[in-house]
file start-v3.cif (mmCIF, C-alpha atoms)
data_start
#
loop_
_atom_site.label_atom_id
_atom_site.label_comp_id
_atom_site.auth_asym_id
_atom_site.auth_seq_id
_atom_site.Cartn_x
_atom_site.Cartn_y
_atom_site.Cartn_z
CA MET A 978 -26.50 19.01 -9.39
CA GLU A 979 -27.37 15.47 -10.46
CA LYS A 980 -24.71 12.88 -9.62
CA LYS A 981 -22.85 11.34 -12.57
CA LYS A 982 -23.26 7.58 -12.97
CA ILE A 983 -20.85 4.98 -14.34
CA VAL A 984 -21.41 1.27 -14.95
CA MET A 985 -18.24 -0.84 -14.76
CA THR A 986 -17.90 -4.37 -16.07
CA GLY A 987 -15.26 -7.07 -16.49
CA GLY A 988 -14.64 -10.51 -15.06
CA GLY A 989 -13.50 -14.09 -15.37
CA THR A 990 -10.00 -13.51 -13.96
CA ALA A 991 -8.49 -11.09 -11.44
CA GLY A 992 -6.76 -9.32 -14.35
CA HIS A 993 -10.20 -8.26 -15.61
CA VAL A 994 -11.18 -6.83 -12.22
CA THR A 995 -8.21 -5.32 -10.32
CA PRO A 996 -7.68 -2.40 -12.76
CA ASN A 997 -11.39 -1.54 -12.31
CA ILE A 998 -10.90 -1.56 -8.52
CA ALA A 999 -7.80 0.65 -8.94
CA LEU A 1000 -9.95 3.24 -10.77
CA MET A 1001 -12.73 3.33 -8.16
CA PRO A 1002 -11.21 5.82 -5.65
CA ALA A 1003 -10.62 8.39 -8.43
CA LEU A 1004 -14.16 7.87 -9.76
CA LYS A 1005 -15.64 8.40 -6.29
CA GLU A 1006 -13.56 11.56 -5.80
CA ALA A 1007 -14.84 12.84 -9.17
CA GLY A 1008 -18.41 12.34 -7.91
CA TYR A 1009 -19.40 9.23 -9.87
CA GLU A 1010 -21.98 6.78 -8.55
CA ILE A 1011 -20.60 3.33 -9.46
CA THR A 1012 -22.57 0.18 -10.29
CA TYR A 1013 -20.88 -3.05 -11.41
CA ILE A 1014 -22.25 -5.64 -13.84
CA GLY A 1015 -20.65 -9.09 -13.73
CA SER A 1016 -21.72 -12.70 -14.13
CA TYR A 1017 -24.02 -14.35 -11.56
CA ASN A 1018 -21.33 -16.33 -9.77
CA GLY A 1019 -18.06 -15.11 -11.29
CA MET A 1020 -15.00 -14.52 -9.08
CA GLU A 1021 -15.52 -10.79 -9.75
CA ARG A 1022 -18.64 -10.75 -7.50
CA GLU A 1023 -16.66 -11.34 -4.30
CA LEU A 1024 -13.92 -8.84 -5.25
CA ILE A 1025 -16.42 -6.06 -6.08
CA GLU A 1026 -18.77 -6.65 -3.15
CA ALA A 1027 -15.71 -6.37 -0.86
CA GLN A 1028 -15.37 -2.79 -2.19
CA GLY A 1029 -18.95 -1.99 -1.11
CA ILE A 1030 -20.04 -1.39 -4.73
CA PRO A 1031 -23.57 -2.43 -5.88
CA TYR A 1032 -23.21 -5.59 -8.00
CA LEU A 1033 -25.70 -6.86 -10.58
CA GLY A 1034 -25.29 -10.32 -12.12
CA ILE A 1035 -26.26 -11.20 -15.68
CA SER A 1036 -26.24 -14.35 -17.81
CA SER A 1037 -22.82 -14.96 -19.37
CA GLY A 1038 -21.50 -17.46 -21.89
CA LYS A 1039 -18.00 -18.13 -23.13
CA LEU A 1040 -17.16 -17.70 -26.82
CA ARG A 1041 -14.76 -20.43 -27.91
CA ARG A 1042 -12.57 -20.88 -30.98
CA TYR A 1043 -12.70 -24.69 -30.59
CA PHE A 1044 -15.47 -27.32 -30.68
CA ASP A 1045 -17.44 -27.75 -27.47
CA TRP A 1046 -21.08 -28.77 -26.99
CA LYS A 1047 -21.55 -25.60 -24.94
CA ASN A 1048 -20.97 -23.62 -28.16
CA PHE A 1049 -24.60 -24.44 -28.97
CA SER A 1050 -26.04 -23.18 -25.67
CA ASP A 1051 -23.68 -20.32 -24.76
CA PRO A 1052 -24.79 -17.93 -27.55
CA PHE A 1053 -28.28 -18.03 -25.99
CA LYS A 1054 -26.74 -17.11 -22.61
CA VAL A 1055 -24.97 -14.15 -24.27
CA ILE A 1056 -28.23 -13.04 -25.94
CA LYS A 1057 -30.02 -13.33 -22.58
CA GLY A 1058 -27.18 -11.32 -20.94
CA PHE A 1059 -27.55 -8.64 -23.64
CA GLY A 1060 -31.28 -8.33 -22.87
CA GLN A 1061 -30.58 -8.11 -19.12
CA ALA A 1062 -27.84 -5.50 -19.67
CA VAL A 1063 -30.17 -3.38 -21.85
CA SER A 1064 -32.81 -3.52 -19.12
CA ILE A 1065 -30.27 -2.52 -16.38
CA LEU A 1066 -28.81 0.34 -18.46
CA LYS A 1067 -32.27 1.73 -19.31
CA LYS A 1068 -33.14 1.70 -15.60
CA LEU A 1069 -29.84 3.17 -14.32
CA LYS A 1070 -29.29 5.65 -17.20
CA PRO A 1071 -25.50 5.88 -16.64
CA ASN A 1072 -23.44 8.63 -18.29
CA ILE A 1073 -20.82 6.08 -19.38
CA VAL A 1074 -19.79 2.39 -19.28
CA PHE A 1075 -16.20 1.28 -18.55
CA SER A 1076 -15.18 -2.29 -19.40
CA LYS A 1077 -12.05 -4.25 -18.47
CA GLY A 1078 -12.87 -7.21 -20.71
CA GLY A 1079 -13.69 -10.87 -20.17
CA PHE A 1080 -16.73 -12.57 -21.72
CA VAL A 1081 -19.27 -11.05 -19.31
CA SER A 1082 -18.37 -7.59 -20.63
CA VAL A 1083 -19.40 -8.30 -24.25
CA PRO A 1084 -23.21 -8.10 -23.77
CA VAL A 1085 -22.76 -5.02 -21.53
CA VAL A 1086 -20.71 -3.04 -24.07
CA LEU A 1087 -23.01 -4.02 -26.94
CA ALA A 1088 -26.03 -3.08 -24.82
CA ALA A 1089 -24.43 0.32 -24.13
CA LYS A 1090 -24.16 0.92 -27.89
CA TYR A 1091 -27.80 -0.15 -28.35
CA CYS A 1092 -28.86 2.30 -25.61
CA HIS A 1093 -26.66 5.12 -27.07
CA ILE A 1094 -24.48 5.20 -23.92
CA PRO A 1095 -20.74 5.79 -24.57
CA ALA A 1096 -18.43 2.93 -23.58
CA ILE A 1097 -14.67 2.83 -22.99
CA ILE A 1098 -12.86 -0.50 -22.89
CA HIS A 1099 -9.37 -1.42 -21.66
CA GLU A 1100 -7.16 -4.12 -23.20
CA SER A 1101 -4.28 -5.38 -21.03
CA ASP A 1102 -2.39 -7.66 -23.40
CA ILE A 1103 -0.54 -6.86 -26.61
CA THR A 1104 -3.08 -8.59 -28.85
CA PRO A 1105 -6.75 -8.10 -27.94
CA GLY A 1106 -8.55 -11.20 -26.68
CA LEU A 1107 -11.69 -12.46 -28.43
CA ALA A 1108 -14.10 -10.75 -26.00
CA ASN A 1109 -12.56 -7.31 -26.52
CA ARG A 1110 -12.30 -7.84 -30.29
CA ILE A 1111 -16.10 -8.18 -30.37
CA ALA A 1112 -16.68 -5.38 -27.83
CA ILE A 1113 -14.50 -2.87 -29.74
CA ARG A 1114 -17.42 -2.37 -32.16
CA GLY A 1115 -19.52 -0.89 -29.35
CA ALA A 1116 -16.76 1.27 -27.82
CA LYS A 1117 -15.95 4.97 -28.22
CA LYS A 1118 -12.34 4.52 -27.02
CA VAL A 1119 -10.04 1.56 -26.41
CA CYS A 1120 -7.29 1.98 -23.78
CA CYS A 1121 -4.19 -0.21 -23.97
CA ASN A 1122 -0.94 -0.96 -22.12
CA PHE A 1123 1.54 -1.42 -24.95
CA PRO A 1124 2.59 0.71 -27.94
CA GLU A 1125 2.45 -2.46 -30.09
CA THR A 1126 -1.27 -2.91 -29.37
CA MET A 1127 -2.15 0.32 -31.19
CA LYS A 1128 -1.80 -1.38 -34.59
CA TYR A 1129 -4.48 -3.96 -33.68
CA LEU A 1130 -7.03 -1.26 -32.77
CA PRO A 1131 -9.04 1.26 -34.82
CA ALA A 1132 -6.85 4.40 -35.10
CA ASP A 1133 -9.69 6.74 -34.05
CA LYS A 1134 -10.39 4.73 -30.88
CA ALA A 1135 -6.94 3.65 -29.61
CA VAL A 1136 -5.35 5.43 -26.62
CA LEU A 1137 -2.10 4.32 -24.92
CA THR A 1138 -2.84 4.67 -21.20
CA GLY A 1139 -1.01 1.91 -19.33
CA SER A 1140 -2.86 -0.02 -16.64
CA PRO A 1141 -4.56 1.55 -13.59
CA ILE A 1142 -2.46 0.73 -10.50
CA ARG A 1143 -3.85 0.51 -6.95
CA ARG A 1144 -2.80 3.64 -5.06
CA GLU A 1145 -1.82 1.70 -1.94
CA LEU A 1146 1.08 0.15 -3.89
CA PHE A 1147 2.80 3.54 -3.74
CA SER A 1148 2.60 3.84 0.05
CA GLY A 1149 4.33 0.66 1.27
CA ASN A 1150 6.36 0.66 4.48
CA PRO A 1151 9.84 -0.86 3.94
CA GLU A 1152 10.44 -1.13 7.70
CA ALA A 1153 7.33 -3.33 8.07
CA ALA A 1154 8.71 -5.68 5.38
CA MET A 1155 12.14 -5.76 7.09
CA LYS A 1156 10.47 -6.83 10.32
CA LEU A 1157 8.20 -9.41 8.63
CA CYS A 1158 11.18 -10.96 6.79
CA GLY A 1159 13.49 -10.84 9.81
CA PHE A 1160 16.27 -8.97 7.98
CA PRO A 1161 18.69 -7.43 10.53
CA ASN A 1162 19.53 -4.14 8.76
CA HIS A 1163 19.68 -2.32 5.41
CA ASN A 1164 23.27 -3.28 4.55
CA LYS A 1165 22.35 -5.42 1.49
CA PRO A 1166 20.04 -4.79 -1.49
CA VAL A 1167 16.74 -6.74 -1.46
CA LEU A 1168 15.71 -9.09 -4.28
CA LEU A 1169 11.96 -9.85 -4.53
CA ILE A 1170 10.96 -13.02 -6.40
CA VAL A 1171 7.31 -13.37 -7.48
CA GLY A 1172 6.38 -16.59 -9.29
CA GLY A 1173 2.64 -15.99 -9.70
CA SER A 1174 -0.17 -17.32 -7.49
CA SER A 1175 0.61 -20.99 -8.19
CA GLY A 1176 4.36 -20.44 -8.19
CA SER A 1177 6.89 -21.47 -10.82
CA LYS A 1178 8.83 -24.70 -10.41
CA ALA A 1179 11.57 -23.51 -12.80
CA ILE A 1180 12.08 -20.20 -10.97
CA ASN A 1181 11.84 -21.73 -7.46
CA GLU A 1182 14.39 -24.48 -8.19
CA ALA A 1183 16.90 -22.19 -9.91
CA VAL A 1184 16.70 -19.59 -7.11
CA ARG A 1185 17.19 -22.19 -4.37
CA GLN A 1186 20.17 -23.77 -6.12
CA ILE A 1187 22.04 -20.44 -6.25
CA LEU A 1188 20.95 -19.26 -2.78
CA PRO A 1189 24.43 -19.46 -1.17
CA LYS A 1190 25.88 -17.18 -3.89
CA LEU A 1191 22.86 -14.81 -3.86
CA LEU A 1192 22.88 -14.43 -0.07
CA GLU A 1193 26.46 -13.14 -0.18
CA GLU A 1194 25.12 -10.04 -1.96
CA PHE A 1195 21.35 -9.82 -1.37
CA TYR A 1196 18.55 -10.28 1.12
CA ILE A 1197 15.88 -12.38 -0.60
CA ILE A 1198 12.08 -12.30 -0.37
CA HIS A 1199 10.75 -15.37 -2.19
CA LEU A 1200 7.01 -15.69 -2.95
CA CYS A 1201 7.07 -19.29 -4.12
CA GLY A 1202 3.37 -20.17 -4.56
CA LYS A 1203 0.96 -22.42 -2.66
CA GLY A 1204 2.51 -25.64 -1.39
CA ASN A 1205 6.03 -24.68 -2.52
CA LEU A 1206 7.73 -23.74 0.76
CA ASP A 1207 11.01 -25.56 1.45
CA ASN A 1208 11.08 -26.24 5.20
CA GLN A 1209 14.80 -27.05 5.08
CA LEU A 1210 15.42 -23.37 4.34
CA ASN A 1211 13.46 -22.04 7.32
CA GLY A 1212 15.63 -19.85 9.53
CA LEU A 1213 18.25 -19.29 6.81
CA ALA A 1214 19.65 -15.81 7.50
CA GLY A 1215 18.71 -13.24 4.86
CA TYR A 1216 16.13 -15.52 3.13
CA ALA A 1217 12.40 -15.09 3.71
CA GLN A 1218 9.97 -17.42 1.92
CA PHE A 1219 6.17 -17.11 1.73
CA GLU A 1220 3.53 -18.97 -0.29
CA TYR A 1221 2.02 -15.63 -1.35
CA ALA A 1222 1.51 -12.09 -0.06
CA ASN A 1223 -1.65 -9.99 0.05
CA ALA A 1224 -1.56 -6.68 1.94
CA GLU A 1225 2.14 -7.27 2.78
CA LEU A 1226 3.11 -7.14 -0.90
CA THR A 1227 2.92 -3.33 -0.82
CA ASP A 1228 5.59 -3.22 1.92
CA MET A 1229 7.72 -5.83 0.13
CA PHE A 1230 7.68 -3.76 -3.07
CA ALA A 1231 8.71 -0.68 -1.09
CA LEU A 1232 11.70 -2.57 0.35
CA ALA A 1233 12.79 -4.34 -2.87
CA ASP A 1234 15.67 -2.99 -4.96
CA MET A 1235 14.87 -5.32 -7.86
CA ALA A 1236 12.41 -8.08 -8.77
CA ILE A 1237 12.12 -11.36 -10.66
CA SER A 1238 8.61 -11.92 -11.96
CA ARG A 1239 6.28 -13.65 -14.39
CA ALA A 1240 5.09 -11.35 -17.20
CA GLY A 1241 1.33 -11.02 -16.68
CA ALA A 1242 0.13 -7.57 -17.85
CA ASN A 1243 -0.95 -6.32 -14.40
CA SER A 1244 2.22 -7.53 -12.65
CA ILE A 1245 4.59 -5.87 -15.10
CA CYS A 1246 2.61 -2.62 -15.14
CA GLU A 1247 3.00 -2.52 -11.35
CA LEU A 1248 6.79 -2.98 -11.70
CA LEU A 1249 6.83 -0.17 -14.28
CA ALA A 1250 4.79 2.20 -12.11
CA LEU A 1251 7.04 1.52 -9.11
CA HIS A 1252 10.26 1.82 -11.21
CA LYS A 1253 11.58 -1.56 -10.02
CA PRO A 1254 14.47 -2.95 -12.13
CA ASN A 1255 13.31 -6.45 -13.07
CA ILE A 1256 13.93 -9.78 -14.74
CA LEU A 1257 10.87 -11.20 -16.48
CA ILE A 1258 10.50 -14.97 -16.93
CA PRO A 1259 7.30 -15.30 -19.01
CA LEU A 1260 5.07 -18.38 -19.01
CA SER A 1261 6.15 -20.55 -21.93
CA ALA A 1262 4.01 -20.73 -25.10
CA ALA A 1263 3.39 -24.39 -24.28
CA ALA A 1264 1.54 -23.37 -21.09
CA SER A 1265 -0.40 -20.31 -22.39
CA ARG A 1266 -1.59 -18.42 -25.47
CA GLY A 1267 1.83 -16.73 -25.49
CA ASP A 1268 0.67 -13.30 -24.29
CA GLN A 1269 3.27 -13.18 -21.47
CA ILE A 1270 6.07 -13.70 -24.02
CA LEU A 1271 4.80 -10.76 -26.10
CA ASN A 1272 4.36 -8.60 -22.96
CA ALA A 1273 7.93 -9.34 -21.86
CA LYS A 1274 9.40 -8.61 -25.32
CA SER A 1275 7.66 -5.23 -25.38
CA PHE A 1276 9.06 -4.29 -21.95
CA ALA A 1277 12.57 -5.40 -23.00
CA LYS A 1278 12.31 -3.34 -26.20
CA GLN A 1279 11.31 -0.24 -24.20
CA GLY A 1280 14.27 -0.75 -21.83
CA PHE A 1281 12.13 -1.56 -18.77
CA SER A 1282 13.06 -5.23 -18.29
CA TYR A 1283 15.59 -8.01 -18.82
CA VAL A 1284 13.89 -11.10 -20.27
CA LEU A 1285 14.94 -14.68 -19.56
CA GLU A 1286 12.95 -17.43 -21.31
CA GLU A 1287 11.73 -20.19 -18.99
CA GLU A 1288 13.43 -22.87 -21.13
CA LYS A 1289 16.77 -21.08 -20.63
CA VAL A 1290 16.52 -20.70 -16.84
CA ASN A 1291 19.38 -22.45 -15.05
CA ASN A 1292 21.81 -21.58 -12.26
CA GLN A 1293 24.25 -19.77 -14.52
CA THR A 1294 21.77 -17.80 -16.69
CA LEU A 1295 19.76 -16.64 -13.66
CA LEU A 1296 22.85 -15.53 -11.73
CA GLU A 1297 24.17 -13.66 -14.79
CA ALA A 1298 20.81 -11.95 -15.32
CA ILE A 1299 20.60 -10.84 -11.67
CA HIS A 1300 24.11 -9.34 -11.77
CA ALA A 1301 23.48 -7.65 -15.15
CA VAL A 1302 20.25 -6.00 -13.98
CA TYR A 1303 21.56 -4.94 -10.60
CA GLN A 1304 24.73 -3.41 -12.11
CA ASN A 1305 22.64 -1.54 -14.72
CA ARG A 1306 19.73 -0.72 -12.38
CA SER A 1307 20.00 3.05 -12.91
CA LYS A 1308 19.53 2.53 -16.68
CA TYR A 1309 16.29 0.57 -16.10
CA ILE A 1310 14.98 3.06 -13.52
CA SER A 1311 15.68 5.93 -15.92
CA ALA A 1312 13.81 4.23 -18.82
CA MET A 1313 10.81 3.53 -16.57
CA SER A 1314 10.82 7.08 -15.16
CA GLU A 1315 10.66 8.54 -18.67
CA SER A 1316 7.78 6.29 -19.74
CA GLY A 1317 4.65 8.21 -20.71
CA GLN A 1318 2.47 5.51 -19.15
CA MET A 1319 2.84 6.67 -15.58
CA ASP A 1320 -0.43 8.43 -14.82
CA SER A 1321 -2.79 5.84 -16.28
CA ILE A 1322 -5.59 6.67 -13.81
CA GLY A 1323 -5.38 10.39 -14.70
CA THR A 1324 -5.37 9.61 -18.44
CA ILE A 1325 -8.36 7.24 -18.19
CA MET A 1326 -10.30 9.65 -15.95
CA LYS A 1327 -9.79 12.39 -18.56
CA LEU A 1328 -11.15 10.08 -21.28
CA ILE A 1329 -14.17 9.21 -19.10
CA ALA A 1330 -14.87 12.92 -18.50
CA GLU A 1331 -14.60 13.67 -22.24
CA GLU A 1332 -16.81 10.80 -23.39
CA ALA A 1333 -19.46 10.77 -20.61
CA LYS A 1334 -22.70 12.27 -21.89
#
call {"tool": "encode", "arguments": {"input": "start-v3.cif", "output": "C-alpha cells"}}
result
Amino acid sequence: MEKKKIVMTGGGTAGHVTPNIALMPALKEAGYEITYIGSYNGMERELIEAQGIPYLGISSGKLRRYFDWKNFSDPFKVIKGFGQAVSILKKLKPNIVFSKGGFVSVPVVLAAKYCHIPAIIHESDITPGLANRIAIRGAKKVCCNFPETMKYLPADKAVLTGSPIRRELFSGNPEAAMKLCGFPNHNKPVLLIVGGSSGSKAINEAVRQILPKLLEEFYIIHLCGKGNLDNQLNGLAGYAQFEYANAELTDMFALADMAISRAGANSICELLALHKPNILIPLSAAASRGDQILNAKSFAKQGFSYVLEEEKVNNQTLLEAIHAVYQNRSKYISAMSESGQMDSIGTIMKLIAEEAK
C-alpha cells in the first residue's frame, strides 16, 4: 500500500510551530510521510530539523496593515513563494496540507487550492490573524481553540478542536521537580509562576513582595525570564527561581497544584489540558494586539481561569487571587475536565483522515 503524504506549514513564531510538532507523533503512527514547508531562514527551520523532518524553504513576505517600503517588494516575495509551493506540491503529490498559520503558510495553502489538494488550517487566537484570514479561502476546514472564534469563520469550515498538546507534557515526574527545586517534602501545595520567555516585571515584582506570606502556605517555582533572577533570594527555603525551563517544565507542571501565567494561546491550552487551576495575567493592550486579553476572557467565561489585568496587579490583588483560586481549585478542575477540547490531536487526526484524498 502506498504511504500517505502530508505537507505541514507554519512559522514566524514558536506558536505557529509547536502545535505542528505536537501532531507529528500521531501522524507518524497513522503512517503519514511528513514534509515541512517554511521560510528560508525562519526560526521554524531549526525547530523542525531538530525533529528529523525534511524541510523545504520558500520565499516569504510579510503582509502589513501599515505603511512600510517593504510593502512594495513583499508581494513579489509572496508570489514567488506561491510558485515555489506549487512546484513542491506537484512534485510531492501529498494527500493533504496542514497549516498552523504565519505569513509563510499563505502561499502554501493557496498553492494547495490551485493544485486541488485539500488543506486544513488551525487558528490559535480568538480572532484570526491576517495570514489565516487570507488562507481560509484555500482551506477545507479551519480548526480553532475558542468557541468565540467560530463566529469569525465560515460555518461550513469551522471546527472547535482546541490546540494540539505535546504528549510528553502528560508524563512529567513530580519527584524530579522536587529534587531540582530542593523542596524537602510534599507537605505544602506548589505554585508555578510562568511569566513568558522574557519574563514579566509586574508579575515578578508582585510575587517577590508577597513571598514571605506565600511561603507560609506554598512552595514556589518561579520562572522569571532571562536576566530576571534575584540573587538575594537564592537559598530561600521553599522558593526556586529559574530564568526559564525547557525539558524540566514537564516535571514542574506535574508537581504544580496551581499556576500563574501569561495568556498566550498555547500556554493556556496546556494549562487546560493538564487541568491546572490558574490565574491568567494577560499582556496589556498597550504591549500587544490584545489577543491575550481576549484569550483570558474566554477562559474565565468557561470557568477555566481567574483573570487579573496587568494594570491591577499589586500585592493585595495577587494574594487575594491566589487564595481564591486555591480555595476553589476543585471547581476549576471540574470545569476543565468537562471541556470538550481535551482530545485535540484525536479530533484533528480524524479531520485529516476525512479530508485527505
call {"tool": "atom_distance", "arguments": {"input": "start-v3.cif", "atom1": "atom CA of A:Gln1279", "atom2": "atom CA of A:Val1167"}}
result
24.3 Å
call {"tool": "residues_around", "arguments": {"input": "start-v3.cif", "residues": "A:Ala1242", "least_positions_apart": "2", "cutoff": "8 Å", "atoms": "all atoms listed in the file", "output": "PyMOL selection string"}}
result
chain A and resi 992+1101-1102+1122+1240+1244-1246+1269+1272
call {"tool": "closest_residue", "arguments": {"input": "start-v3.cif", "among": "A:Glu1125, A:Glu1021, A:Asp1133, A:Glu1010", "to": "A:Gly1078", "atoms": "all atoms listed in the file"}}
result
A:Glu1021
call {"tool": "atom_distance", "arguments": {"input": "start-v3.cif", "atom1": "atom CA of A:Ile1310", "atom2": "atom CA of A:Leu1248"}}
result
10.3 Å
call {"tool": "axis_aligned_box", "arguments": {"input": "start-v3.cif", "around": "stretch 992-1003 of chain A", "padding_each_side": "4 Å", "output": "JSON"}}
result
{"center_x": -9.7, "center_y": -0.5, "center_z": -10.6, "size_x": 14.0, "size_y": 25.7, "size_z": 18.0}
call {"tool": "closest_residue", "arguments": {"input": "start-v3.cif", "among": "A:Ala1214, A:Ile1011, A:Val1055, A:Ala999", "to": "A:Lys980", "atoms": "only C-alpha atoms"}}
result
A:Ile1011
call {"tool": "build_atoms", "arguments": {"input": "start-v3.cif", "residues": "stretch 1117-1128 of chain A", "atoms": "N, CA and C atoms", "output": "compact mmCIF listing (two decimals), in the coordinates of the input"}}
result
# COMPACT_ATOMS: atom_id res chain seq x y z
N LYS A 1117 -16.38 3.65 -27.72
CA LYS A 1117 -15.95 4.97 -28.22
C LYS A 1117 -14.42 5.04 -28.22
N LYS A 1118 -13.80 4.51 -27.15
CA LYS A 1118 -12.34 4.52 -27.02
C LYS A 1118 -11.87 3.17 -26.49
N VAL A 1119 -10.65 2.80 -26.89
CA VAL A 1119 -10.04 1.56 -26.41
C VAL A 1119 -8.68 1.91 -25.80
N CYS A 1120 -8.55 1.71 -24.49
CA CYS A 1120 -7.29 1.98 -23.78
C CYS A 1120 -6.40 0.74 -23.87
N CYS A 1121 -5.08 0.94 -23.93
CA CYS A 1121 -4.19 -0.21 -23.97
C CYS A 1121 -2.90 0.06 -23.20
N ASN A 1122 -2.17 -1.03 -22.93
CA ASN A 1122 -0.94 -0.96 -22.12
C ASN A 1122 0.33 -0.81 -22.93
N PHE A 1123 0.30 -1.30 -24.17
CA PHE A 1123 1.54 -1.42 -24.95
C PHE A 1123 1.47 -0.64 -26.26
N PRO A 1124 2.58 0.01 -26.65
CA PRO A 1124 2.59 0.71 -27.94
C PRO A 1124 2.24 -0.23 -29.10
N GLU A 1125 2.68 -1.50 -29.00
CA GLU A 1125 2.45 -2.46 -30.09
C GLU A 1125 0.97 -2.76 -30.31
N THR A 1126 0.16 -2.58 -29.27
CA THR A 1126 -1.27 -2.91 -29.37
C THR A 1126 -2.00 -1.95 -30.30
N MET A 1127 -1.47 -0.73 -30.41
CA MET A 1127 -2.15 0.32 -31.19
C MET A 1127 -2.47 -0.14 -32.61
N LYS A 1128 -1.57 -0.97 -33.20
CA LYS A 1128 -1.80 -1.38 -34.59
C LYS A 1128 -2.95 -2.39 -34.74
